[in-house]
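Q: I'd like to ask you about the structure that follows.
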Amino acid sequence: MKNHLLILFFVLLCSFSTLAQEAEYVVDMVQRNKLIAEVNKAKGLISNSQNDKAISILLKVNKSDSVFAEVYHEMYKAALLSSNSSDSVLFCLLKGKRIFSDDDVMCFYVADIQRIRKNYSKAILLYTEAIKLSAVIQEKSFFYVDYFKNRAYCYSKIQNYKLAIIDYSEYLKYRTNDAIAYQNRAICYSNTGNKKSALEDLNKSLSLGNKSAKNYIDKLLK
């Protein structure tokens, strides 16, 4: 009886092993080359501001090959340029986040789409996740500082001005010449009653060429 049980266990083990091997993703290079051509076509459309057409192509490519990472990068670019935050775009980028679960950039893409959809609380959680994921990466992403700027914007939209100020301050360590960021932080300072810091930021913003800062200065000085 024991021998029969051992044999049965061995057969089941082999079966599970075979299923695991079959579940492994194998890239068909002929198919991948065809999809690369489609992605290149989408890139051309994006460069000509035909973002919706590009998104349509990229969705089809993604359906055929969900581990083709470049599709997600181009999808985000087209969506951001066109402010397209449709369900199809969101679901596609969510798929990328699930597949590349340790990639802070994929997390950032989904956060930005949620921000565009005005789902600010969801976006904040995703930006926070992206920041945590990036903590273990020595060479930071091109978008890294935007994690803080965009989270700051979302904090300000839900009127959590103190946390918005912290994030804008972190962002401005790296982007010291961003006039709009100074203005946005000034508005947050103003909303917390810190008129002095608000005026300092508005004057800095004005000195960097942001003429609209003058209107905010005039309002604060009244």
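Each chain of the structure tokens is named A, B, ... in the order shown, its residues numbered from 1; ligands are numbered from 1 in display order.
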Pick out each residue of region 67-192 of chain A that DSSP on the backbone tags as helix (DSSP H, G or I); I need them as a ChimeraX atom specification.
A: /A:69-82,87-99,104-116,120-134,144-157,161-174,179-191
Q: For Ile131 (chain A), work out the shell of residues within 12 Å, counting only C-alpha atoms and skipping chain neighbours fewer than 4 positions away, then give it as a ChimeraX atom specification.
A: /A:102-108,111,124-127,135-137,140-141,143-151,167
Q: Contacts of Leu94 (chain A) at 12 Å or less, counting only C-alpha atoms, minus same-chain residues fewer than 6 places along, as a ChimeraX atom specification?
A: /A:62,66,72,75-76,87-88,100-101,105-114,126
Q: Take the residues from that selection and put them in a file with N, CA and C atoms, as a short mmCIF file (atom, residue, chain, number, x, y, z; two decimals), in the first residue's frame.
A:
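Done, and the output landed in result.cif:
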```
data_model
loop_
_atom_site.label_atom_id
_atom_site.label_comp_id
_atom_site.auth_asym_id
_atom_site.auth_seq_id
_atom_site.Cartn_x
_atom_site.Cartn_y
_atom_site.Cartn_z
N ASN A 62 -0.88 44.53 -27.27
CA ASN A 62 -0.90 44.06 -25.89
C ASN A 62 -1.75 42.81 -25.73
N SER A 66 1.31 40.23 -23.87
CA SER A 66 1.17 41.07 -22.68
C SER A 66 2.49 41.32 -21.94
N TYR A 72 3.66 49.15 -22.93
CA TYR A 72 3.16 49.92 -21.79
C TYR A 72 3.78 51.32 -21.76
N MET A 75 2.10 53.25 -24.52
CA MET A 75 0.70 53.46 -24.14
C MET A 75 0.59 54.65 -23.17
N TYR A 76 1.47 54.67 -22.19
CA TYR A 76 1.46 55.77 -21.22
C TYR A 76 1.73 57.09 -21.92
N ASP A 87 -11.15 53.38 -19.77
CA ASP A 87 -11.03 52.09 -19.08
C ASP A 87 -10.04 51.17 -19.77
N SER A 88 -10.04 51.18 -21.11
CA SER A 88 -9.15 50.28 -21.85
C SER A 88 -7.69 50.62 -21.59
N PHE A 100 4.77 43.29 -14.21
CA PHE A 100 6.07 43.85 -13.78
C PHE A 100 5.88 44.46 -12.40
N SER A 101 5.57 43.60 -11.44
CA SER A 101 5.12 44.04 -10.11
C SER A 101 6.19 44.77 -9.29
N VAL A 105 8.14 52.27 -12.24
CA VAL A 105 7.63 53.08 -13.36
C VAL A 105 6.25 52.61 -13.79
N MET A 106 6.04 51.31 -13.85
CA MET A 106 4.72 50.77 -14.21
C MET A 106 3.67 51.24 -13.19
N CYS A 107 4.06 51.28 -11.93
CA CYS A 107 3.17 51.75 -10.87
C CYS A 107 2.85 53.23 -11.07
N PHE A 108 3.86 53.99 -11.44
CA PHE A 108 3.69 55.42 -11.70
C PHE A 108 2.73 55.66 -12.86
N TYR A 109 2.82 54.84 -13.91
CA TYR A 109 1.92 55.00 -15.05
C TYR A 109 0.46 54.90 -14.61
N VAL A 110 0.16 53.89 -13.81
CA VAL A 110 -1.22 53.69 -13.35
C VAL A 110 -1.64 54.86 -12.45
N ALA A 111 -0.71 55.32 -11.61
CA ALA A 111 -1.00 56.45 -10.72
C ALA A 111 -1.38 57.69 -11.52
N ASP A 112 -0.65 57.94 -12.59
CA ASP A 112 -0.93 59.12 -13.40
C ASP A 112 -2.30 59.03 -14.09
N ILE A 113 -2.66 57.84 -14.54
CA ILE A 113 -3.97 57.68 -15.15
C ILE A 113 -5.07 57.92 -14.11
N GLN A 114 -4.87 57.42 -12.91
CA GLN A 114 -5.84 57.66 -11.84
C GLN A 114 -5.91 59.15 -11.50
N LEU A 126 -0.81 54.86 -5.14
CA LEU A 126 0.05 54.31 -6.19
C LEU A 126 1.38 55.06 -6.28
#
```
Q: Just the residues within 10 Å of Val61 (chain A), please, counting only C-alpha atoms, with nothing from its chain fewer than 3 positions along; format it as a CSV table (one decimal) with N, CA, C and O atoms, in the first residue's frame.
A:
```csv
chain,number,residue,atom,x,y,z
A,32,ARG,N,6.9,38.3,-32.5
A,32,ARG,CA,7.4,39.5,-31.8
A,32,ARG,C,7.9,40.5,-32.8
A,32,ARG,O,7.6,41.7,-32.6
A,34,LYS,N,6.8,41.0,-35.8
A,34,LYS,CA,5.6,41.6,-36.4
A,34,LYS,C,5.0,42.7,-35.4
A,34,LYS,O,4.6,43.7,-35.8
A,35,LEU,N,5.0,42.3,-34.1
A,35,LEU,CA,4.5,43.2,-33.1
A,35,LEU,C,5.4,44.5,-33.0
A,35,LEU,O,4.9,45.6,-32.7
A,36,ILE,N,6.7,44.3,-33.1
A,36,ILE,CA,7.6,45.4,-33.0
A,36,ILE,C,7.3,46.4,-34.1
A,36,ILE,O,7.4,47.6,-33.9
A,38,GLU,N,4.5,46.9,-35.5
A,38,GLU,CA,3.2,47.6,-35.1
A,38,GLU,C,3.5,48.7,-34.0
A,38,GLU,O,2.9,49.8,-34.1
A,39,VAL,N,4.4,48.4,-33.1
A,39,VAL,CA,4.7,49.4,-32.1
A,39,VAL,C,5.4,50.6,-32.7
A,39,VAL,O,5.2,51.7,-32.4
A,55,ILE,N,-3.0,54.4,-29.7
A,55,ILE,CA,-3.5,53.6,-28.5
A,55,ILE,C,-4.3,52.4,-29.1
A,55,ILE,O,-4.1,51.3,-28.5
A,56,SER,N,-5.0,52.6,-30.1
A,56,SER,CA,-5.8,51.4,-30.7
A,56,SER,C,-4.8,50.3,-31.2
A,56,SER,O,-5.1,49.1,-30.9
A,57,ILE,N,-3.7,50.7,-31.8
A,57,ILE,CA,-2.7,49.7,-32.2
A,57,ILE,C,-2.1,49.0,-31.0
A,57,ILE,O,-1.9,47.8,-31.0
A,58,LEU,N,-1.7,49.8,-30.1
A,58,LEU,CA,-1.0,49.3,-28.9
A,58,LEU,C,-1.9,48.3,-28.1
A,58,LEU,O,-1.4,47.3,-27.5
A,64,SER,N,-2.1,40.5,-27.9
A,64,SER,CA,-1.3,39.4,-28.5
A,64,SER,C,-0.1,39.0,-27.6
A,64,SER,O,0.3,37.9,-27.6
A,65,ASP,N,0.5,40.0,-27.0
A,65,ASP,CA,1.8,39.8,-26.2
A,65,ASP,C,1.8,40.7,-25.0
A,65,ASP,O,2.2,41.9,-25.1
A,66,SER,N,1.3,40.2,-23.9
A,66,SER,CA,1.2,41.1,-22.7
A,66,SER,C,2.5,41.3,-21.9
A,66,SER,O,2.5,42.2,-21.0
A,68,PHE,N,5.3,42.3,-23.5
A,68,PHE,CA,6.1,43.2,-24.3
A,68,PHE,C,6.1,44.5,-23.6
A,68,PHE,O,5.1,45.3,-23.8
A,71,VAL,N,5.3,48.2,-25.0
A,71,VAL,CA,3.9,48.6,-25.3
A,71,VAL,C,3.4,49.5,-24.2
A,71,VAL,O,2.7,50.5,-24.4
```
Q: So that I can see what lies close to Leu208 (chain A), please list as a list in words the residues with an atom at most 10 Å from it, counting only C-alpha atoms and leaving out residues fewer than 5 positions away in the same chain.
A: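 Listing them by chain and then by number gives Thr176, Asn177, Asp178, Ala179, Ile180, Tyr182, Leu202, Asn203 and Ala213 of chain A.
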Q: Can you list, as a PDB file with N, CA, C and O atoms, in the first residue's frame, every protein, DNA or RNA residue that comes within 12 Å of Ala152 (chain A) when you count only C-alpha atoms, leaving out same-chain residues fewer than 4 positions away?
A:
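Result saved to selection-v6.pdb:
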```
ATOM      1  N   ARG A 115      -4.790  59.827 -11.568  1.00  0.00           N
ATOM      2  CA  ARG A 115      -4.779  61.276 -11.326  1.00  0.00           C
ATOM      3  C   ARG A 115      -5.601  62.001 -12.393  1.00  0.00           C
ATOM      4  O   ARG A 115      -6.414  62.889 -12.077  1.00  0.00           O
ATOM      5  N   TYR A 120      -7.997  60.878  -6.865  1.00  0.00           N
ATOM      6  CA  TYR A 120      -6.791  61.363  -6.214  1.00  0.00           C
ATOM      7  C   TYR A 120      -6.301  60.461  -5.079  1.00  0.00           C
ATOM      8  O   TYR A 120      -5.094  60.259  -4.923  1.00  0.00           O
ATOM      9  N   SER A 121      -7.218  59.902  -4.307  1.00  0.00           N
ATOM     10  CA  SER A 121      -6.807  59.031  -3.199  1.00  0.00           C
ATOM     11  C   SER A 121      -6.136  57.763  -3.725  1.00  0.00           C
ATOM     12  O   SER A 121      -5.123  57.305  -3.172  1.00  0.00           O
ATOM     13  N   ALA A 123      -4.632  57.508  -6.621  1.00  0.00           N
ATOM     14  CA  ALA A 123      -3.362  57.939  -7.210  1.00  0.00           C
ATOM     15  C   ALA A 123      -2.292  58.107  -6.137  1.00  0.00           C
ATOM     16  O   ALA A 123      -1.145  57.694  -6.320  1.00  0.00           O
ATOM     17  N   ILE A 124      -2.658  58.689  -5.002  1.00  0.00           N
ATOM     18  CA  ILE A 124      -1.705  58.895  -3.897  1.00  0.00           C
ATOM     19  C   ILE A 124      -1.127  57.567  -3.434  1.00  0.00           C
ATOM     20  O   ILE A 124       0.091  57.434  -3.227  1.00  0.00           O
ATOM     21  N   LEU A 125      -1.985  56.562  -3.276  1.00  0.00           N
ATOM     22  CA  LEU A 125      -1.512  55.241  -2.844  1.00  0.00           C
ATOM     23  C   LEU A 125      -0.533  54.653  -3.856  1.00  0.00           C
ATOM     24  O   LEU A 125       0.474  54.046  -3.482  1.00  0.00           O
ATOM     25  N   TYR A 127       1.352  56.374  -6.153  1.00  0.00           N
ATOM     26  CA  TYR A 127       2.606  57.137  -6.131  1.00  0.00           C
ATOM     27  C   TYR A 127       3.463  56.712  -4.933  1.00  0.00           C
ATOM     28  O   TYR A 127       4.691  56.569  -5.051  1.00  0.00           O
ATOM     29  N   THR A 128       2.806  56.504  -3.803  1.00  0.00           N
ATOM     30  CA  THR A 128       3.522  56.059  -2.606  1.00  0.00           C
ATOM     31  C   THR A 128       4.158  54.698  -2.837  1.00  0.00           C
ATOM     32  O   THR A 128       5.310  54.452  -2.437  1.00  0.00           O
ATOM     33  N   VAL A 145      11.426  62.046  -9.799  1.00  0.00           N
ATOM     34  CA  VAL A 145      11.039  63.266  -9.082  1.00  0.00           C
ATOM     35  C   VAL A 145       9.571  63.606  -9.310  1.00  0.00           C
ATOM     36  O   VAL A 145       8.937  64.267  -8.477  1.00  0.00           O
ATOM     37  N   ASP A 146       9.011  63.139 -10.435  1.00  0.00           N
ATOM     38  CA  ASP A 146       7.599  63.396 -10.704  1.00  0.00           C
ATOM     39  C   ASP A 146       6.690  62.607  -9.761  1.00  0.00           C
ATOM     40  O   ASP A 146       5.522  62.965  -9.593  1.00  0.00           O
ATOM     41  N   TYR A 147       7.209  61.533  -9.174  1.00  0.00           N
ATOM     42  CA  TYR A 147       6.414  60.803  -8.185  1.00  0.00           C
ATOM     43  C   TYR A 147       5.982  61.762  -7.076  1.00  0.00           C
ATOM     44  O   TYR A 147       4.839  61.727  -6.610  1.00  0.00           O
ATOM     45  N   PHE A 148       6.924  62.618  -6.639  1.00  0.00           N
ATOM     46  CA  PHE A 148       6.651  63.546  -5.548  1.00  0.00           C
ATOM     47  C   PHE A 148       5.794  64.727  -6.016  1.00  0.00           C
ATOM     48  O   PHE A 148       4.852  65.128  -5.319  1.00  0.00           O
ATOM     49  N   SER A 156      -2.910  68.161  -2.649  1.00  0.00           N
ATOM     50  CA  SER A 156      -3.529  69.490  -2.636  1.00  0.00           C
ATOM     51  C   SER A 156      -4.995  69.420  -3.062  1.00  0.00           C
ATOM     52  O   SER A 156      -5.826  70.170  -2.548  1.00  0.00           O
ATOM     53  N   LYS A 157      -5.319  68.509  -3.966  1.00  0.00           N
ATOM     54  CA  LYS A 157      -6.698  68.374  -4.443  1.00  0.00           C
ATOM     55  C   LYS A 157      -7.623  67.816  -3.363  1.00  0.00           C
ATOM     56  O   LYS A 157      -8.826  68.069  -3.386  1.00  0.00           O
ATOM     57  N   ILE A 158      -7.061  67.041  -2.432  1.00  0.00           N
ATOM     58  CA  ILE A 158      -7.897  66.544  -1.326  1.00  0.00           C
ATOM     59  C   ILE A 158      -7.678  67.409  -0.077  1.00  0.00           C
ATOM     60  O   ILE A 158      -8.052  67.030   1.027  1.00  0.00           O
ATOM     61  N   GLN A 159      -7.036  68.574  -0.290  1.00  0.00           N
ATOM     62  CA  GLN A 159      -6.837  69.594   0.743  1.00  0.00           C
ATOM     63  C   GLN A 159      -5.952  69.145   1.900  1.00  0.00           C
ATOM     64  O   GLN A 159      -6.068  69.646   3.019  1.00  0.00           O
ATOM     65  N   ASN A 160      -5.043  68.229   1.603  1.00  0.00           N
ATOM     66  CA  ASN A 160      -4.026  67.866   2.600  1.00  0.00           C
ATOM     67  C   ASN A 160      -2.771  68.673   2.260  1.00  0.00           C
ATOM     68  O   ASN A 160      -1.802  68.157   1.699  1.00  0.00           O
ATOM     69  N   TYR A 161      -2.821  69.968   2.600  1.00  0.00           N
ATOM     70  CA  TYR A 161      -1.799  70.900   2.146  1.00  0.00           C
ATOM     71  C   TYR A 161      -0.439  70.670   2.809  1.00  0.00           C
ATOM     72  O   TYR A 161       0.602  70.911   2.192  1.00  0.00           O
ATOM     73  N   LYS A 162      -0.444  70.204   4.029  1.00  0.00           N
ATOM     74  CA  LYS A 162       0.828  69.972   4.722  1.00  0.00           C
ATOM     75  C   LYS A 162       1.655  68.882   4.035  1.00  0.00           C
ATOM     76  O   LYS A 162       2.864  69.045   3.838  1.00  0.00           O
ATOM     77  N   LEU A 163       0.994  67.786   3.656  1.00  0.00           N
ATOM     78  CA  LEU A 163       1.712  66.721   2.945  1.00  0.00           C
ATOM     79  C   LEU A 163       2.083  67.154   1.534  1.00  0.00           C
ATOM     80  O   LEU A 163       3.135  66.760   1.011  1.00  0.00           O
ATOM     81  N   ALA A 164       1.247  67.984   0.934  1.00  0.00           N
ATOM     82  CA  ALA A 164       1.563  68.513  -0.396  1.00  0.00           C
ATOM     83  C   ALA A 164       2.834  69.352  -0.339  1.00  0.00           C
ATOM     84  O   ALA A 164       3.704  69.253  -1.224  1.00  0.00           O
ATOM     85  N   ILE A 165       2.959  70.176   0.695  1.00  0.00           N
ATOM     86  CA  ILE A 165       4.157  71.014   0.868  1.00  0.00           C
ATOM     87  C   ILE A 165       5.408  70.145   1.001  1.00  0.00           C
ATOM     88  O   ILE A 165       6.457  70.439   0.400  1.00  0.00           O
ATOM     89  N   ILE A 166       5.309  69.076   1.774  1.00  0.00           N
ATOM     90  CA  ILE A 166       6.454  68.170   1.953  1.00  0.00           C
ATOM     91  C   ILE A 166       6.891  67.585   0.616  1.00  0.00           C
ATOM     92  O   ILE A 166       8.095  67.543   0.292  1.00  0.00           O
ATOM     93  N   ASP A 167       5.927  67.157  -0.190  1.00  0.00           N
ATOM     94  CA  ASP A 167       6.269  66.554  -1.480  1.00  0.00           C
ATOM     95  C   ASP A 167       6.785  67.588  -2.478  1.00  0.00           C
ATOM     96  O   ASP A 167       7.738  67.315  -3.229  1.00  0.00           O
ATOM     97  N   TYR A 168       6.178  68.768  -2.510  1.00  0.00           N
ATOM     98  CA  TYR A 168       6.687  69.814  -3.405  1.00  0.00           C
ATOM     99  C   TYR A 168       8.118  70.196  -3.005  1.00  0.00           C
ATOM    100  O   TYR A 168       8.977  70.435  -3.870  1.00  0.00           O
ATOM    101  N   SER A 169       8.379  70.214  -1.720  1.00  0.00           N
ATOM    102  CA  SER A 169       9.735  70.561  -1.247  1.00  0.00           C
ATOM    103  C   SER A 169      10.750  69.517  -1.673  1.00  0.00           C
ATOM    104  O   SER A 169      11.875  69.850  -2.076  1.00  0.00           O
ATOM    105  N   GLU A 170      10.357  68.235  -1.612  1.00  0.00           N
ATOM    106  CA  GLU A 170      11.242  67.163  -2.067  1.00  0.00           C
ATOM    107  C   GLU A 170      11.506  67.289  -3.566  1.00  0.00           C
ATOM    108  O   GLU A 170      12.645  67.169  -4.018  1.00  0.00           O
ATOM    109  N   TYR A 171      10.458  67.553  -4.316  1.00  0.00           N
ATOM    110  CA  TYR A 171      10.591  67.717  -5.775  1.00  0.00           C
ATOM    111  C   TYR A 171      11.508  68.896  -6.116  1.00  0.00           C
ATOM    112  O   TYR A 171      12.378  68.795  -6.994  1.00  0.00           O
ATOM    113  N   LEU A 172      11.341  70.008  -5.415  1.00  0.00           N
ATOM    114  CA  LEU A 172      12.104  71.215  -5.731  1.00  0.00           C
ATOM    115  C   LEU A 172      13.581  71.117  -5.347  1.00  0.00           C
ATOM    116  O   LEU A 172      14.386  71.943  -5.782  1.00  0.00           O
ATOM    117  N   ALA A 181       5.859  74.813  -9.940  1.00  0.00           N
ATOM    118  CA  ALA A 181       5.919  74.073  -8.678  1.00  0.00           C
ATOM    119  C   ALA A 181       6.044  75.031  -7.494  1.00  0.00           C
ATOM    120  O   ALA A 181       5.425  74.819  -6.439  1.00  0.00           O
ATOM    121  N   TYR A 182       6.832  76.102  -7.664  1.00  0.00           N
ATOM    122  CA  TYR A 182       6.932  77.111  -6.596  1.00  0.00           C
ATOM    123  C   TYR A 182       5.575  77.770  -6.364  1.00  0.00           C
ATOM    124  O   TYR A 182       5.170  78.004  -5.217  1.00  0.00           O
ATOM    125  N   ASN A 184       2.605  76.475  -7.002  1.00  0.00           N
ATOM    126  CA  ASN A 184       1.706  75.495  -6.380  1.00  0.00           C
ATOM    127  C   ASN A 184       2.008  75.316  -4.892  1.00  0.00           C
ATOM    128  O   ASN A 184       1.089  75.184  -4.072  1.00  0.00           O
ATOM    129  N   ARG A 185       3.310  75.306  -4.550  1.00  0.00           N
ATOM    130  CA  ARG A 185       3.649  75.186  -3.135  1.00  0.00           C
ATOM    131  C   ARG A 185       3.206  76.438  -2.388  1.00  0.00           C
ATOM    132  O   ARG A 185       2.756  76.360  -1.237  1.00  0.00           O
ATOM    133  N   ILE A 187       0.600  78.255  -2.996  1.00  0.00           N
ATOM    134  CA  ILE A 187      -0.845  78.143  -2.762  1.00  0.00           C
ATOM    135  C   ILE A 187      -1.109  77.254  -1.553  1.00  0.00           C
ATOM    136  O   ILE A 187      -1.982  77.546  -0.726  1.00  0.00           O
ATOM    137  N   CYS A 188      -0.324  76.187  -1.440  1.00  0.00           N
ATOM    138  CA  CYS A 188      -0.463  75.290  -0.280  1.00  0.00           C
ATOM    139  C   CYS A 188      -0.066  76.002   1.008  1.00  0.00           C
ATOM    140  O   CYS A 188      -0.753  75.874   2.031  1.00  0.00           O
TER     141      CYS A 188
END
```
Q: Kindly indicate which residue among A:Lys77, A:Tyr216, A:Asn33, A:Arg98 lies nearest to Ala54 (chain A), using only C-alpha atoms for the distances.
A: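 Selected residue with least distance to Ala54 (chain A): A:Lys77.
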Q: Counting only C-alpha atoms, which of A:Leu221, A:Gln183, A:Ala78, A:Asn194 gets nearest to Leu206 (chain A)?
A: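 Closest residue, counting only C-alpha atoms: A:Gln183.
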Q: Which of these residues is nearest to Asn51 (chain A), using only C-alpha atoms: A:Leu90, A:Leu80, A:Leu220, A:Ala186?
A: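 Selected residue with least distance to Asn51 (chain A): A:Leu80.
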Q: For CA of Tyr174 (chain A) and CA of Glu129 (chain A), quote the distance in Å rounded to one decimal.
A: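 Straight-line distance from CA of Tyr174 (chain A) to CA of Glu129 (chain A) works out to 20.2 Å.
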